[in-house]
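A.B. asks: To be precise about what I am sending: the file is called input_2.cif and holds mmCIF, C-alpha atoms and all ligand atoms.
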data_query
loop_
_atom_site.label_atom_id
_atom_site.label_comp_id
_atom_site.auth_asym_id
_atom_site.auth_seq_id
_atom_site.Cartn_x
_atom_site.Cartn_y
_atom_site.Cartn_z
CA MET A 5 -31.93 -31.30 -128.34
CA ARG A 6 -28.96 -30.02 -130.30
CA ILE A 7 -26.91 -27.08 -129.03
CA ASP A 8 -24.24 -25.43 -131.19
CA ILE A 9 -21.81 -23.04 -129.51
CA LEU A 10 -19.71 -20.53 -131.43
CA THR A 11 -16.61 -19.40 -129.55
CA LEU A 12 -13.00 -18.26 -129.82
CA PHE A 13 -12.08 -20.60 -126.94
CA PRO A 14 -13.40 -24.14 -127.61
CA ASN A 15 -11.13 -25.69 -124.96
CA MET A 16 -12.92 -23.83 -122.17
CA PHE A 17 -15.90 -26.18 -122.58
CA VAL A 18 -13.98 -29.45 -122.19
CA GLY A 19 -14.06 -29.65 -118.39
CA PRO A 20 -17.61 -28.44 -117.63
CA PHE A 21 -19.26 -30.56 -120.34
CA GLY A 22 -17.19 -33.63 -119.46
CA GLU A 23 -18.59 -33.95 -115.93
CA SER A 24 -21.79 -34.53 -114.00
CA ILE A 25 -25.30 -34.06 -115.39
CA THR A 26 -24.31 -32.52 -118.73
CA LYS A 27 -21.93 -35.40 -119.48
CA ARG A 28 -24.59 -37.94 -118.51
CA ALA A 29 -27.16 -36.22 -120.76
CA ILE A 30 -24.67 -36.30 -123.66
CA ASP A 31 -23.86 -39.98 -123.00
CA ARG A 32 -27.60 -40.80 -122.92
CA GLN A 33 -28.04 -38.90 -126.19
CA LEU A 34 -30.55 -36.50 -124.63
CA VAL A 35 -28.49 -33.65 -126.02
CA THR A 36 -25.81 -33.17 -128.67
CA ILE A 37 -23.44 -30.28 -128.05
CA ALA A 38 -21.16 -29.11 -130.87
CA ILE A 39 -18.46 -26.51 -130.20
CA HIS A 40 -17.35 -24.43 -133.21
CA ASN A 41 -14.24 -22.26 -133.40
CA LEU A 42 -15.12 -18.85 -134.84
CA ARG A 43 -11.63 -18.61 -136.37
CA ASP A 44 -12.52 -21.48 -138.72
CA TYR A 45 -14.89 -19.03 -140.44
CA ALA A 46 -12.36 -16.23 -140.96
CA TRP A 47 -11.08 -16.79 -144.45
CA ASP A 48 -8.34 -14.18 -144.67
CA LYS A 49 -4.69 -15.23 -144.44
CA HIS A 50 -4.36 -14.44 -140.72
CA ARG A 51 -7.85 -15.69 -139.74
CA ILE A 52 -8.69 -12.32 -138.19
CA VAL A 53 -12.04 -12.17 -136.35
CA ASP A 54 -11.80 -8.73 -134.71
CA ASP A 55 -11.22 -5.11 -135.68
CA TYR A 56 -11.17 -1.57 -134.23
CA PRO A 57 -14.52 0.14 -133.55
CA TYR A 58 -15.55 2.92 -135.95
CA GLY A 59 -15.55 6.26 -134.15
CA GLY A 60 -12.66 5.21 -131.92
CA GLY A 61 -12.66 3.98 -128.35
CA PRO A 62 -10.92 1.23 -126.46
CA GLY A 63 -10.79 -2.45 -127.38
CA MET A 64 -11.75 -4.52 -130.38
CA LEU A 65 -15.03 -5.85 -131.75
CA LEU A 66 -15.87 -9.23 -133.27
CA LYS A 67 -16.41 -8.64 -136.98
CA ALA A 68 -19.71 -9.34 -138.71
CA GLU A 69 -18.37 -11.45 -141.63
CA PRO A 70 -17.03 -14.50 -139.72
CA LEU A 71 -20.08 -14.51 -137.41
CA PHE A 72 -22.57 -14.47 -140.32
CA ALA A 73 -20.54 -17.09 -142.21
CA ALA A 74 -20.36 -19.37 -139.17
CA VAL A 75 -24.05 -19.13 -138.27
CA GLU A 76 -25.15 -19.67 -141.88
CA ALA A 77 -22.85 -22.70 -142.26
CA ILE A 78 -23.82 -24.26 -138.91
CA THR A 79 -27.60 -23.84 -139.29
CA GLY A 80 -27.55 -24.66 -143.01
CA GLY A 81 -30.34 -22.10 -143.46
CA GLU A 82 -32.59 -24.02 -141.06
CA GLU A 83 -34.84 -21.98 -138.75
CA THR A 84 -32.89 -22.08 -135.45
CA PRO A 85 -32.90 -19.79 -132.44
CA VAL A 86 -29.60 -17.89 -132.55
CA ILE A 87 -28.80 -16.54 -129.09
CA LEU A 88 -26.16 -13.94 -128.37
CA LEU A 89 -24.73 -13.97 -124.84
CA THR A 90 -24.46 -10.33 -123.81
CA PRO A 91 -24.77 -8.26 -120.62
CA GLN A 92 -27.36 -6.23 -122.57
CA GLY A 93 -29.73 -9.19 -123.09
CA ARG A 94 -32.86 -10.25 -121.22
CA LEU A 95 -31.97 -11.67 -117.83
CA LEU A 96 -31.76 -15.44 -117.49
CA CYS A 97 -34.26 -16.74 -114.93
CA GLN A 98 -36.01 -20.09 -114.50
CA GLU A 99 -38.88 -18.96 -116.73
CA VAL A 100 -36.46 -18.23 -119.58
CA VAL A 101 -34.70 -21.56 -118.95
CA GLU A 102 -38.05 -23.41 -119.27
CA GLU A 103 -38.71 -21.58 -122.54
CA LEU A 104 -35.26 -22.45 -123.94
CA ALA A 105 -35.70 -26.09 -122.91
CA THR A 106 -38.63 -26.39 -125.34
CA HIS A 107 -36.40 -25.73 -128.38
CA GLU A 108 -35.18 -28.71 -130.38
CA ARG A 109 -32.13 -26.79 -131.39
CA MET A 110 -30.30 -23.57 -130.57
CA LEU A 111 -27.06 -21.83 -131.41
CA LEU A 112 -25.23 -19.81 -128.76
CA ILE A 113 -22.78 -17.07 -129.75
CA CYS A 114 -20.07 -16.18 -127.22
CA GLY A 115 -18.85 -12.60 -127.57
CA HIS A 116 -15.39 -11.42 -126.60
CA TYR A 117 -13.31 -8.22 -126.42
CA GLU A 118 -15.72 -5.24 -126.44
CA GLY A 119 -18.50 -7.39 -127.91
CA VAL A 120 -19.78 -7.78 -131.48
CA ASP A 121 -20.48 -5.50 -134.45
CA ASP A 122 -24.05 -4.32 -133.80
CA ARG A 123 -25.25 -5.59 -137.20
CA VAL A 124 -24.92 -9.09 -135.74
CA ARG A 125 -27.38 -8.16 -133.02
CA GLN A 126 -29.69 -6.42 -135.49
CA HIS A 127 -29.75 -8.95 -138.34
CA LEU A 128 -28.33 -12.33 -137.26
CA VAL A 129 -29.49 -13.19 -133.76
CA SER A 130 -33.04 -13.93 -132.66
CA ASP A 131 -32.48 -13.58 -128.92
CA GLU A 132 -30.02 -11.96 -126.50
CA ILE A 133 -29.42 -13.35 -123.02
CA SER A 134 -27.55 -11.98 -120.01
CA ILE A 135 -26.75 -14.15 -116.99
CA GLY A 136 -26.64 -11.16 -114.64
CA ASP A 137 -25.97 -7.48 -114.23
CA TYR A 138 -22.18 -7.69 -114.33
CA VAL A 139 -19.61 -7.94 -117.11
CA LEU A 140 -17.68 -11.12 -117.91
CA SER A 141 -14.61 -11.22 -120.14
CA GLY A 142 -16.34 -13.48 -122.65
CA GLY A 143 -19.61 -15.27 -123.34
CA GLU A 144 -18.19 -18.76 -122.67
CA LEU A 145 -19.02 -18.95 -118.96
CA ALA A 146 -22.46 -17.51 -119.69
CA ALA A 147 -23.05 -20.17 -122.38
CA MET A 148 -22.07 -22.88 -119.90
CA VAL A 149 -24.57 -21.51 -117.38
CA VAL A 150 -27.34 -21.52 -120.01
CA VAL A 151 -26.49 -25.07 -121.13
CA ASP A 152 -26.33 -26.42 -117.58
CA ALA A 153 -29.67 -24.88 -116.60
CA VAL A 154 -31.38 -26.04 -119.82
CA VAL A 155 -29.93 -29.57 -119.91
CA ARG A 156 -31.11 -30.39 -116.37
CA ARG A 157 -34.66 -29.61 -117.59
CA LEU A 158 -34.53 -32.23 -120.34
CA PRO A 159 -36.64 -35.27 -119.45
CA GLY A 160 -34.37 -38.04 -118.18
CA ALA A 161 -31.38 -35.80 -117.44
CA LEU A 162 -31.77 -35.97 -113.65
CA GLY A 163 -32.10 -38.96 -111.36
CA SER A 164 -35.41 -37.70 -110.03
CA GLU A 165 -37.83 -35.36 -111.78
CA ALA A 166 -39.46 -34.71 -108.38
CA SER A 167 -36.38 -32.79 -107.24
CA VAL A 168 -36.90 -30.29 -110.09
CA ALA A 169 -40.50 -29.63 -109.08
CA GLU A 170 -39.36 -28.59 -105.60
CA ASP A 171 -36.25 -26.66 -106.63
CA SER A 172 -35.95 -22.97 -105.83
CA HIS A 173 -37.66 -20.82 -108.50
CA SER A 174 -39.69 -23.72 -109.95
CA ASP A 175 -42.91 -22.35 -108.45
CA GLY A 176 -41.64 -18.87 -107.70
CA LEU A 177 -40.46 -19.75 -104.18
CA LEU A 178 -37.08 -20.60 -102.64
CA LYS A 179 -36.66 -24.15 -101.43
CA TYR A 180 -37.24 -25.05 -97.76
CA PRO A 181 -34.24 -25.80 -95.46
CA GLN A 182 -32.90 -29.36 -95.65
CA TYR A 183 -30.86 -31.49 -93.25
CA THR A 184 -29.07 -34.82 -93.30
CA ARG A 185 -27.33 -36.97 -90.66
CA PRO A 186 -26.23 -36.56 -87.90
CA GLN A 187 -29.39 -35.61 -86.04
CA VAL A 188 -27.40 -33.33 -83.70
CA TYR A 189 -24.21 -31.59 -84.86
CA ARG A 190 -22.25 -29.36 -82.45
CA GLY A 191 -25.43 -29.08 -80.42
CA TRP A 192 -27.52 -27.92 -83.42
CA GLU A 193 -30.58 -30.11 -83.81
CA VAL A 194 -32.58 -31.04 -86.87
CA PRO A 195 -36.15 -29.64 -86.60
CA PRO A 196 -38.15 -32.40 -84.80
CA VAL A 197 -40.99 -32.40 -87.36
CA LEU A 198 -38.59 -33.88 -89.96
CA LEU A 199 -38.01 -36.88 -87.71
CA SER A 200 -41.69 -37.39 -86.93
CA GLY A 201 -42.49 -39.64 -89.88
CA ASN A 202 -45.72 -37.64 -90.31
CA HIS A 203 -45.63 -36.87 -94.04
CA ALA A 204 -48.55 -34.42 -93.96
CA GLN A 205 -46.90 -32.42 -91.15
CA ILE A 206 -43.55 -32.49 -92.95
CA ALA A 207 -45.12 -31.25 -96.20
CA LYS A 208 -46.94 -28.46 -94.29
CA TRP A 209 -43.73 -27.40 -92.49
CA ARG A 210 -41.73 -27.40 -95.72
CA ARG A 211 -44.30 -25.30 -97.54
CA GLU A 212 -44.37 -22.74 -94.69
CA GLN A 213 -40.59 -22.63 -94.51
CA SER A 214 -40.38 -22.14 -98.25
CA ILE A 215 -42.77 -19.19 -98.11
CA LEU A 216 -41.06 -17.63 -95.04
CA ARG A 217 -37.59 -18.05 -96.54
CA THR A 218 -38.75 -16.34 -99.74
CA LEU A 219 -40.39 -13.56 -97.72
CA ARG A 220 -37.15 -12.91 -95.80
CA ARG A 221 -34.65 -13.25 -98.63
CA ARG A 222 -36.47 -12.46 -101.86
CA PRO A 223 -39.80 -10.74 -101.15
CA ASP A 224 -39.73 -9.54 -104.78
CA LEU A 225 -40.45 -13.12 -105.88
CA LEU A 226 -43.69 -13.42 -103.91
CA GLU A 227 -45.70 -11.22 -106.23
CA LYS A 228 -45.55 -13.84 -109.01
CA ALA A 229 -45.41 -16.97 -106.77
CA LYS A 230 -48.22 -19.50 -106.85
CA LEU A 231 -49.79 -19.04 -103.41
CA THR A 232 -53.23 -19.86 -102.05
CA ASP A 233 -55.41 -17.08 -100.63
CA LYS A 234 -54.69 -18.44 -97.14
CA GLU A 235 -50.95 -18.32 -97.73
CA ARG A 236 -51.16 -14.75 -99.01
CA GLU A 237 -53.13 -13.88 -95.88
CA MET A 238 -50.46 -15.55 -93.74
CA ILE A 239 -47.65 -13.42 -95.17
CA SER A 240 -49.55 -10.16 -95.50
CA GLY A 241 -49.18 -9.34 -91.78
CA ARG A 242 -45.61 -10.56 -91.40
CA GLY A 243 -43.56 -7.98 -93.34
CA ILE A 244 -39.89 -8.52 -94.08
CA GLU A 245 -39.11 -10.14 -90.69
CA GLY A 246 -41.43 -13.06 -91.50
C1 LIG A 301 -16.26 -7.60 -121.96
S1 LIG A 301 -17.81 -8.18 -122.51
C2 LIG A 301 -18.35 -6.86 -123.56
C3 LIG A 301 -19.27 -5.90 -122.84
C4 LIG A 301 -19.73 -4.77 -123.74
N1 LIG A 301 -18.63 -3.87 -124.04
C5 LIG A 301 -20.82 -3.98 -123.04
O1 LIG A 301 -20.52 -3.03 -122.33
O2 LIG A 301 -22.01 -4.33 -123.19
C6 LIG A 301 -17.35 -9.44 -123.67
C7 LIG A 301 -18.38 -10.51 -123.92
O3 LIG A 301 -18.64 -11.23 -122.72
C8 LIG A 301 -19.96 -11.74 -122.75
N2 LIG A 301 -20.63 -11.29 -121.50
C9 LIG A 301 -20.15 -10.38 -120.63
N3 LIG A 301 -20.99 -10.22 -119.59
C10 LIG A 301 -22.04 -11.04 -119.82
C11 LIG A 301 -23.25 -11.31 -119.12
N4 LIG A 301 -23.56 -10.71 -117.98
N5 LIG A 301 -24.11 -12.22 -119.65
C12 LIG A 301 -23.83 -12.83 -120.81
N6 LIG A 301 -22.69 -12.61 -121.53
C13 LIG A 301 -21.81 -11.73 -121.05
C14 LIG A 301 -20.62 -11.22 -124.01
O4 LIG A 301 -20.61 -12.26 -124.97
C15 LIG A 301 -19.72 -10.07 -124.40
O5 LIG A 301 -19.73 -9.84 -125.79
#
Could the structure of this file be written out as structure tokens, please?

C.D. replies:
Amino acid sequence: MRIDILTLFPNMFVGPFGESITKRAIDRQLVTIAIHNLRDYAWDKHRIVDDYPYGGGPGMLLKAEPLFAAVEAITGGEETPVILLTPQGRLLCQEVVEELATHERMLLICGHYEGVDDRVRQHLVSDEISIGDYVLSGGELAAMVVVDAVVRRLPGALGSEASVAEDSHSDGLLKYPQYTRPQVYRGWEVPPVLLSGNHAQIAKWRREQSILRTLRRRPDLLEKAKLTDKEREMISGRGIEG
């Protein structure tokens, strides 16, 4: 996969992409990430990328010309998903991450100030993504979130693919509770079934816990979750208390 990122703040990406799973995926050549400075595509003397909004109002907008020039130069006219990070986009969830992870290439545009000239949204981008219903100062942190979530879905990026299959949101449920040593900490004991060595019992307990945890914390997820008829029956009488 190749990911291009267009930003006014290239240095913000140095730390996050130089550590952990994203760094390992880059080192293993599972992904190439190229960071482009939007100012390099502003050809006036002062390399201006923003201007006042028509009609008045506070703040500045990113201008259309440098954004079009940058995207056209970076993609070279190739068909590439061009994704604008914006609080007005479709919400990022695991389903959207899985969809993005199927692309061979994508270009992420980080907005700033009051956002971008709307002609960018109308005529340049093919997708708009929000990482949540709140407003960030710029699209950089949102782009990092998208990249992190997508890169860990690339085959070979994680130590164990099995951990992905059981992650929260992978099958519409939250993950079951987990414990590690010591067996007793401050008098709090690890559930005995996890020490039993009975793999069938452990799997059954984990599945139940996963369903109950989702019922208590995120009942909205259960509608789309992959549950058996028996499991649906089990939760139907329990209500929010589980
Ligand atoms: C201050 S925000 C602009 C918000 C814009 N005035 C509005 O009300 O929709 C500046 C930039 O941060 C990014 N941004 C802010 N919140 C975001 C979110 N929830 N998800 C993705 N990007 C976001 C976008 O790139 C946006 O252009």

A.B. asks: Using all atoms listed in the file, determine which residues fall within 7 Å of ligand LIG 301 (chain A), then list them as a list of chain:residue names.

C.D. replies: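 These are the residues that qualify: A:Leu88, A:Leu89, A:Thr90, A:Pro91, A:Gln92, A:Cys114, A:Gly115, A:His116, A:Tyr117, A:Glu118, A:Gly119, A:Val120, A:Ile133, A:Ser134, A:Ile135, A:Gly136, A:Asp137, A:Tyr138, A:Val139, A:Leu140, A:Ser141, A:Gly142, A:Gly143, A:Ala146.
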
A.B. asks: Any idea what's packed within 10 Å of region 100-110 of chain A, counting all atoms listed in the file, ignoring anything in its chain fewer than 3 positions away? Could you give it as a PyMOL selection string?

C.D. replies: chain A and resi 5-9+35-37+79+83-87+94-97+113+133+150-159+174

A.B. asks: Next, the residues of the selection above should be written as a PDB file, in the frame of the given file with C-alpha atoms.

C.D. replies:
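Saved the output as again.pdb:
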ATOM      1  CA  MET A   5     -31.930 -31.300-128.340  1.00  0.00           C
ATOM      2  CA  ARG A   6     -28.960 -30.020-130.300  1.00  0.00           C
ATOM      3  CA  ILE A   7     -26.910 -27.080-129.030  1.00  0.00           C
ATOM      4  CA  ASP A   8     -24.240 -25.430-131.190  1.00  0.00           C
ATOM      5  CA  ILE A   9     -21.810 -23.040-129.510  1.00  0.00           C
ATOM      6  CA  VAL A  35     -28.490 -33.650-126.020  1.00  0.00           C
ATOM      7  CA  THR A  36     -25.810 -33.170-128.670  1.00  0.00           C
ATOM      8  CA  ILE A  37     -23.440 -30.280-128.050  1.00  0.00           C
ATOM      9  CA  THR A  79     -27.600 -23.840-139.290  1.00  0.00           C
ATOM     10  CA  GLU A  83     -34.840 -21.980-138.750  1.00  0.00           C
ATOM     11  CA  THR A  84     -32.890 -22.080-135.450  1.00  0.00           C
ATOM     12  CA  PRO A  85     -32.900 -19.790-132.440  1.00  0.00           C
ATOM     13  CA  VAL A  86     -29.600 -17.890-132.550  1.00  0.00           C
ATOM     14  CA  ILE A  87     -28.800 -16.540-129.090  1.00  0.00           C
ATOM     15  CA  ARG A  94     -32.860 -10.250-121.220  1.00  0.00           C
ATOM     16  CA  LEU A  95     -31.970 -11.670-117.830  1.00  0.00           C
ATOM     17  CA  LEU A  96     -31.760 -15.440-117.490  1.00  0.00           C
ATOM     18  CA  CYS A  97     -34.260 -16.740-114.930  1.00  0.00           C
ATOM     19  CA  ILE A 113     -22.780 -17.070-129.750  1.00  0.00           C
ATOM     20  CA  ILE A 133     -29.420 -13.350-123.020  1.00  0.00           C
ATOM     21  CA  VAL A 150     -27.340 -21.520-120.010  1.00  0.00           C
ATOM     22  CA  VAL A 151     -26.490 -25.070-121.130  1.00  0.00           C
ATOM     23  CA  ASP A 152     -26.330 -26.420-117.580  1.00  0.00           C
ATOM     24  CA  ALA A 153     -29.670 -24.880-116.600  1.00  0.00           C
ATOM     25  CA  VAL A 154     -31.380 -26.040-119.820  1.00  0.00           C
ATOM     26  CA  VAL A 155     -29.930 -29.570-119.910  1.00  0.00           C
ATOM     27  CA  ARG A 156     -31.110 -30.390-116.370  1.00  0.00           C
ATOM     28  CA  ARG A 157     -34.660 -29.610-117.590  1.00  0.00           C
ATOM     29  CA  LEU A 158     -34.530 -32.230-120.340  1.00  0.00           C
ATOM     30  CA  PRO A 159     -36.640 -35.270-119.450  1.00  0.00           C
ATOM     31  CA  SER A 174     -39.690 -23.720-109.950  1.00  0.00           C
TER      32      SER A 174
END

A.B. asks: Which residue gives the smallest distance to Glu99 (chain A) among A:Asp175, A:Glu193, A:Glu235, A:Glu227, with all atoms listed in the file counted?

C.D. replies: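 Among A:Asp175, A:Glu193, A:Glu235, A:Glu227, it is A:Asp175 that comes nearest to Glu99 (chain A).
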
A.B. asks: For Pro20 (chain A), which of A:Leu145, A:Val75, A:Gln205, A:Ser164 is the closest residue, counting only C-alpha atoms?

C.D. replies: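 Closest residue, counting only C-alpha atoms: A:Leu145.
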
A.B. asks: Box time for region 9-28 of chain A: axis-aligned, enclosing all its listed atoms, 4 Å extra on each side; report centre and edge lengths in Å to one decimal, as JSON.

C.D. replies:
{"center_x": -18.2, "center_y": -28.1, "center_z": -122.7, "size_x": 22.2, "size_y": 27.7, "size_z": 25.4}

A.B. asks: Given all atoms listed in the file as the basis, pick out the residue of A:Ile25, A:Met64, A:Ala74, A:Ala161 nearest to Leu10 (chain A).

C.D. replies: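 Comparing A:Ile25, A:Met64, A:Ala74, A:Ala161 against Leu10 (chain A), the winner is A:Ala74.
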
A.B. asks: Check the smallest atom-to-atom distance from each of A:Lys228, A:Lys179, A:Arg190, A:Lys67 to Ile215 (chain A) using all atoms listed in the file, then report the winner.

C.D. replies: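 Counting all atoms listed in the file, the residue closest to Ile215 (chain A) is A:Lys179.
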
A.B. asks: Quick check, in Å to one decimal: how far apart do CA of Met148 (chain A) and CA of Met16 (chain A) lie?

C.D. replies: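 About the pair CA of Met148 (chain A) and CA of Met16 (chain A): they are 9.5 Å apart.
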
A.B. asks: Between A:Arg28, A:Leu71, A:Gly81, A:Ala147, which is the closest to Val124 (chain A) once you count all atoms listed in the file?

C.D. replies: A:Leu71

A.B. asks: Which polymer residues have any atom within 10 Å of an atom of Val197 (chain A), counting only C-alpha atoms, with same-chain residues fewer than 6 positions away left out, as a list in words?

C.D. replies: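 Result of the neighbour search: His203, Gln205, Ile206, Ala207, Lys208, Trp209 and Arg210 of chain A.
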
A.B. asks: When you draw a straight line from CA of Leu225 (chain A) to CA of Arg211 (chain A), how long is it in Å?

C.D. replies: 15.3 Å

A.B. asks: Fewer than 5 positions away in the same chain doesn't count, so skip those; otherwise give me all residues within 10 Å of Ala73 (chain A), counting all atoms listed in the file, as a PDB file with C-alpha atoms, keeping the file's coordinate frame.

C.D. replies:
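Result written to around17.pdb:
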ATOM      1  CA  LEU A  42     -15.120 -18.850-134.840  1.00  0.00           C
ATOM      2  CA  ASP A  44     -12.520 -21.480-138.720  1.00  0.00           C
ATOM      3  CA  TYR A  45     -14.890 -19.030-140.440  1.00  0.00           C
ATOM      4  CA  ALA A  46     -12.360 -16.230-140.960  1.00  0.00           C
ATOM      5  CA  TRP A  47     -11.080 -16.790-144.450  1.00  0.00           C
ATOM      6  CA  ALA A  68     -19.710  -9.340-138.710  1.00  0.00           C
ATOM      7  CA  ILE A  78     -23.820 -24.260-138.910  1.00  0.00           C
TER       8      ILE A  78
END

A.B. asks: Please determine, counting all atoms listed in the file, which residue among A:Glu237, A:Asp55, A:Glu170, A:Glu144 has the shortest atom-to-atom distance to Pro14 (chain A).

C.D. replies: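 Selected residue with least distance to Pro14 (chain A): A:Glu144.
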
A.B. asks: Mind pulling up the distance from CA of Phe72 (chain A) to CA of His50 (chain A)?

C.D. replies: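 Value for the CA of His50 (chain A)-CA of Phe72 (chain A) distance: 18.2 Å.
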